[in-house]
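Source file: query35.cif (mmCIF, C-alpha atoms)
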data_query
#
loop_
_atom_site.label_atom_id
_atom_site.label_comp_id
_atom_site.auth_asym_id
_atom_site.auth_seq_id
_atom_site.Cartn_x
_atom_site.Cartn_y
_atom_site.Cartn_z
CA MET I 17 61.36 34.02 53.74
CA ASP I 18 57.88 34.84 54.84
CA LYS I 19 57.01 35.91 58.37
CA SER I 20 55.76 32.49 59.52
CA SER I 21 58.95 30.76 58.31
CA HIS I 22 61.06 33.33 60.13
CA GLU I 23 59.20 32.66 63.38
CA ASN I 24 59.64 28.89 62.98
CA VAL I 25 63.41 29.20 62.46
CA HIS I 26 63.90 31.24 65.61
CA ARG I 27 61.67 29.10 67.85
CA PRO I 28 63.84 26.88 70.14
CA VAL I 29 63.87 23.16 69.34
CA GLY I 30 61.18 21.31 71.25
CA ASP I 31 59.36 24.51 72.13
CA THR I 32 55.67 24.26 71.37
CA PRO I 33 53.02 26.92 71.68
CA SER I 34 51.77 27.03 75.27
CA LYS I 35 48.19 25.92 75.86
CA PRO I 36 45.86 28.61 77.08
CA ARG I 37 45.32 28.27 80.83
CA VAL I 38 41.92 28.51 82.47
CA PRO I 39 42.06 31.06 85.29
CA ARG I 40 41.82 29.36 88.68
CA PHE I 41 38.99 31.61 89.79
CA ILE I 42 36.79 30.02 87.09
CA PHE I 43 36.92 26.71 88.98
CA VAL I 44 36.04 28.53 92.21
CA VAL I 45 33.02 30.07 90.51
CA ILE I 46 31.95 26.68 89.14
CA ILE I 47 32.24 25.03 92.57
CA ALA I 48 30.35 27.88 94.21
CA GLY I 49 27.66 27.61 91.56
CA LEU I 50 27.25 23.88 92.12
CA ALA I 51 27.06 24.44 95.87
CA ALA I 52 24.36 27.06 95.34
CA LEU I 53 22.38 24.67 93.15
CA TYR I 54 22.65 21.96 95.80
CA TRP I 55 21.49 24.39 98.50
CA TYR I 56 18.53 25.48 96.41
CA ALA I 57 17.55 21.89 95.67
CA ALA I 58 17.67 21.10 99.39
CA TYR I 59 16.28 24.32 100.87
CA GLY I 60 15.53 26.90 98.20
CA ASP I 61 11.89 25.94 97.85
CA THR I 62 11.45 25.08 101.54
CA PRO I 63 9.36 27.54 103.59
CA ALA I 64 11.22 29.08 106.54
CA PRO I 65 9.37 27.19 109.31
CA GLU I 66 9.95 23.83 107.64
CA LYS I 67 13.63 24.67 107.22
CA THR I 68 13.87 25.53 110.93
CA VAL I 69 12.37 22.18 111.94
CA LYS I 70 14.56 20.22 109.53
CA THR I 71 17.70 22.05 110.65
CA PHE I 72 16.81 21.54 114.31
CA TYR I 73 16.31 17.80 114.02
CA GLN I 74 19.28 17.21 111.73
CA ALA I 75 21.44 19.02 114.28
CA TYR I 76 19.91 16.94 117.07
CA PHE I 77 20.60 13.70 115.21
CA ASP I 78 24.18 14.92 114.56
CA ARG I 79 24.57 15.94 118.24
CA ASP I 80 25.23 19.54 117.21
CA PHE I 81 23.64 21.16 120.24
CA ASP I 82 24.73 24.71 119.41
CA THR I 83 22.58 24.55 116.27
CA VAL I 84 19.81 22.87 118.24
CA ALA I 85 19.82 25.78 120.71
CA ASN I 86 19.92 28.35 117.90
CA ASN I 87 16.65 27.03 116.51
CA LEU I 88 14.83 26.99 119.86
CA SER I 89 12.77 29.90 121.14
CA VAL I 90 14.04 31.48 124.34
CA PHE I 91 10.60 30.70 125.77
CA TRP I 92 11.28 26.99 125.27
CA SER I 93 14.87 27.21 126.47
CA VAL I 94 14.05 28.81 129.83
CA ARG I 95 12.21 25.65 130.85
CA LEU I 96 15.67 24.17 131.35
CA LEU I 97 17.22 27.36 132.76
CA PRO I 98 15.66 28.34 136.11
CA ASP I 99 18.05 31.29 136.49
CA TYR I 100 16.11 33.08 133.75
CA ALA I 101 12.63 32.23 135.01
CA ASN I 102 11.80 35.70 136.34
CA MET I 103 12.94 37.68 133.31
CA THR I 104 10.45 39.54 131.15
CA PRO I 105 10.08 38.49 127.51
CA GLU I 106 12.02 41.58 126.50
CA GLN I 107 14.88 40.62 128.82
CA LEU I 108 14.88 37.06 127.51
CA LEU I 109 15.20 38.26 123.95
CA GLU I 110 17.98 40.66 124.92
CA ASN I 111 19.84 37.75 126.54
CA ARG I 112 19.27 35.37 123.64
CA THR I 113 22.99 34.80 122.92
CA LYS I 114 23.74 33.77 126.51
CA ILE I 115 20.57 31.69 126.76
CA GLU I 116 21.57 29.81 123.60
CA ALA I 117 25.00 29.03 125.01
CA ASP I 118 23.59 27.91 128.37
CA VAL I 119 20.82 25.72 127.00
CA SER I 120 23.23 24.11 124.54
CA LYS I 121 25.35 22.94 127.48
CA VAL I 122 22.31 21.71 129.42
CA ILE I 123 20.95 19.73 126.47
CA ALA I 124 24.39 18.26 125.78
CA ASP I 125 24.58 17.12 129.40
CA ILE I 126 21.07 15.62 129.28
CA GLU I 127 21.83 13.80 126.04
CA LYS I 128 25.16 12.31 127.15
CA GLU I 129 23.59 8.97 127.99
CA ASN I 130 21.18 8.93 125.04
CA SER I 131 22.00 7.47 121.66
CA ILE I 132 20.24 8.01 118.35
CA PRO I 133 19.14 4.83 116.56
CA LYS I 134 20.53 4.42 113.07
CA GLY I 135 18.30 5.36 110.18
CA VAL I 136 16.27 7.95 112.09
CA SER I 137 14.92 10.94 110.18
CA ILE I 138 11.92 13.24 109.95
CA GLU I 139 9.59 13.95 107.07
CA VAL I 140 7.69 17.23 106.99
CA MET I 141 4.04 16.89 106.03
CA LYS I 142 3.98 19.99 103.86
CA GLU I 143 0.24 20.03 103.29
CA TYR I 144 -0.27 20.88 106.98
CA THR I 145 2.26 23.72 107.23
CA LYS I 146 0.58 26.98 108.22
CA MET I 147 2.22 30.39 108.40
CA GLY I 148 1.16 33.60 110.09
CA LYS I 149 2.90 36.94 110.35
CA ASN I 150 5.00 35.98 113.38
CA SER I 151 4.11 32.33 113.87
CA ALA I 152 3.93 29.01 112.10
CA ILE I 153 2.85 25.40 112.53
CA VAL I 154 4.75 22.44 111.07
CA VAL I 155 3.63 18.81 111.24
CA TYR I 156 6.19 16.06 110.69
CA SER I 157 6.59 12.33 111.11
CA PHE I 158 9.51 10.41 112.55
CA LYS I 159 10.92 7.59 110.49
CA GLU I 160 13.27 4.78 111.39
CA ASN I 161 14.70 2.95 108.41
CA GLY I 162 11.84 4.33 106.32
CA LYS I 163 9.03 3.27 108.68
CA ASP I 164 6.79 5.75 110.49
CA THR I 165 7.32 5.70 114.25
CA GLY I 166 5.41 8.76 115.38
CA MET I 167 4.16 12.23 114.56
CA GLU I 168 4.68 15.66 116.11
CA THR I 169 3.59 19.25 115.68
CA ALA I 170 6.00 22.14 116.11
CA LEU I 171 4.75 25.61 116.98
CA LEU I 172 7.13 28.37 115.90
CA ILE I 173 7.48 32.01 116.92
CA LYS I 174 9.49 34.72 115.19
CA GLU I 175 12.35 36.01 117.33
CA LYS I 176 14.85 38.49 115.93
CA ASP I 177 13.54 37.97 112.39
CA GLN I 178 13.93 34.19 112.55
CA LEU I 179 11.30 31.55 113.18
CA ARG I 180 12.27 29.38 116.14
CA ILE I 181 10.61 26.41 117.83
CA PHE I 182 8.32 27.52 120.64
CA ASN I 183 6.86 24.10 121.41
CA MET I 184 6.85 20.51 120.17
CA SER I 185 4.11 18.02 121.01
CA PRO I 186 2.90 14.59 119.85
CA MET I 187 0.27 14.69 117.13
CA ASP I 188 -2.76 12.42 117.15
CA PRO I 189 -3.41 11.32 113.55
CA GLN I 190 -7.14 11.43 114.26
CA THR I 191 -7.00 15.18 114.89
CA LEU I 192 -4.56 15.94 112.08
CA GLU I 193 -7.12 17.60 109.83
CA GLN I 194 -7.93 20.10 112.58
CA ILE I 195 -4.56 21.74 111.94
CA LYS I 196 -5.96 23.14 108.71
CA GLU I 197 -8.64 24.96 110.69
CA VAL I 198 -6.25 26.83 113.00
CA ASP I 199 -6.64 30.61 112.70
CA MET I 200 -3.09 31.95 112.43
CA ASN I 201 -4.28 35.48 113.19
CA VAL I 202 -5.32 34.29 116.65
CA LEU I 203 -1.96 32.60 117.14
CA ASP I 204 -0.17 35.80 116.12
CA GLU I 205 -2.27 37.76 118.62
CA ASN I 206 -1.42 35.30 121.40
CA PHE I 207 2.28 35.61 120.68
CA ASP I 208 2.00 39.40 120.58
CA SER I 209 0.36 39.28 124.02
CA LEU I 210 3.12 37.03 125.33
CA LEU I 211 5.78 39.49 124.22
CA LYS I 212 3.97 42.29 126.04
CA THR I 213 3.51 40.52 129.37
CA GLY I 214 5.47 41.70 132.38
CA ALA I 215 7.25 38.44 133.19
CA THR I 216 7.42 34.80 132.22
CA LYS I 217 5.86 32.19 134.43
#

This structure in structure tokens:
Amino acid sequence: MDKSSHENVHRPVGDTPSKPRVPRFIFVVIIAGLAALYWYAAYGDTPAPEKTVKTFYQAYFDRDFDTVANNLSVFWSVRLLPDYANMTPEQLLENRTKIEADVSKVIADIEKENSIPKGVSIEVMKEYTKMGKNSAIVVYSFKENGKDTGMETALLIKEKDQLRIFNMSPMDPQTLEQIKEVDMNVLDENFDSLLKTGATK
């Protein structure tokens, strides 16, 4: 009797060779890989200032005010927080965590009676995005069910290595092309001066 016949005789009736199992961690790796691909498709080729604006507004539409506050500059936030009005820029930055928490609560309270219409979104006008060393400009349009309803410009400042929204203002389409002429070096200098001033006003 050859070796294979001997093995067949001693194998229990109904016992079949077990199928090789795929280690569970392989599925985890696959899922993580797909998630990474999705993230890259959504954000991987998006410049940092555009990502900040998109994240801010998506959080606002979702009523996630903690994320809204995280993407706002402390210099914007103190407009709603009079207790911080006399702090220096350095003190504001040092108190960023508390300012975020406080302004999140204030915005949530303000927005209690407001509702977001269905089908609202923003679309970044990438051709007008400008980036400096510590600043950026992003132009975007509001859409409701695919139709343009307005346009804004966001001015961003770098705080703790992250670009955050310093100001948002309506954009006149007739002056849109002037955005391309903005000297970002001058904007960087203005922000540097702000950070060196003795106190906010």

- How many Å separate CA of Ala75 in chain I from CA of Met167 in chain I?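 One can read the CA of Ala75 in chain I to CA of Met167 in chain I distance as 18.6 Å.
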
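The result of the PyMOL selection byres ((chain I and resi 185) around 12) on the shown file is Ile153, Val154, Val155, Tyr156, Ser157, Gly166, Met167, Glu168, Thr169, Ala170, Leu171, Leu172, Ile181, Phe182, Asn183, Met184, Pro186, Met187 and Asp188 of chain I.
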
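Using the PyMOL selection byres ((chain I and resi 112) around 10) on the file at hand returns these residues: I:Asn86, I:Ser89, I:Val90, I:Ser93, I:Glu106, I:Gln107, I:Leu108, I:Leu109, I:Glu110, I:Asn111, I:Thr113, I:Lys114, I:Ile115, I:Glu116, I:Ala117, I:Asp118, I:Glu175, I:Lys176.
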
- Item | Distance in Å - CA of Asp204 in chain I versus CA of Lys142 in chain I | 20.4 Å

- Kindly give the distance, in Å, that separates CA of Lys67 in chain I and CA of Ala85 in chain I, rounded to a single decimal. 14.9 Å

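Comparing the minimum interatomic distances between Ile138 in chain I and each of I:Asp80, I:Glu197, I:Asp208, I:Asp164, counting all atoms listed in the file, we find that I:Asp164 sits nearest.
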
Starting from the displayed file, determine the output of the PyMOL selection byres ((chain I and resi 196) around 9) and express the residue list as an mmCIF file with C-alpha atoms, in the frame of the given file.
data_model
loop_
_atom_site.group_PDB
_atom_site.id
_atom_site.type_symbol
_atom_site.label_atom_id
_atom_site.label_comp_id
_atom_site.auth_asym_id
_atom_site.auth_seq_id
_atom_site.Cartn_x
_atom_site.Cartn_y
_atom_site.Cartn_z
ATOM 1 C CA GLU I 143 0.240 20.030 103.290
ATOM 2 C CA TYR I 144 -0.270 20.880 106.980
ATOM 3 C CA THR I 145 2.260 23.720 107.230
ATOM 4 C CA LYS I 146 0.580 26.980 108.220
ATOM 5 C CA LEU I 192 -4.560 15.940 112.080
ATOM 6 C CA GLU I 193 -7.120 17.600 109.830
ATOM 7 C CA GLN I 194 -7.930 20.100 112.580
ATOM 8 C CA ILE I 195 -4.560 21.740 111.940
ATOM 9 C CA GLU I 197 -8.640 24.960 110.690
ATOM 10 C CA VAL I 198 -6.250 26.830 113.000
ATOM 11 C CA ASP I 199 -6.640 30.610 112.700
#
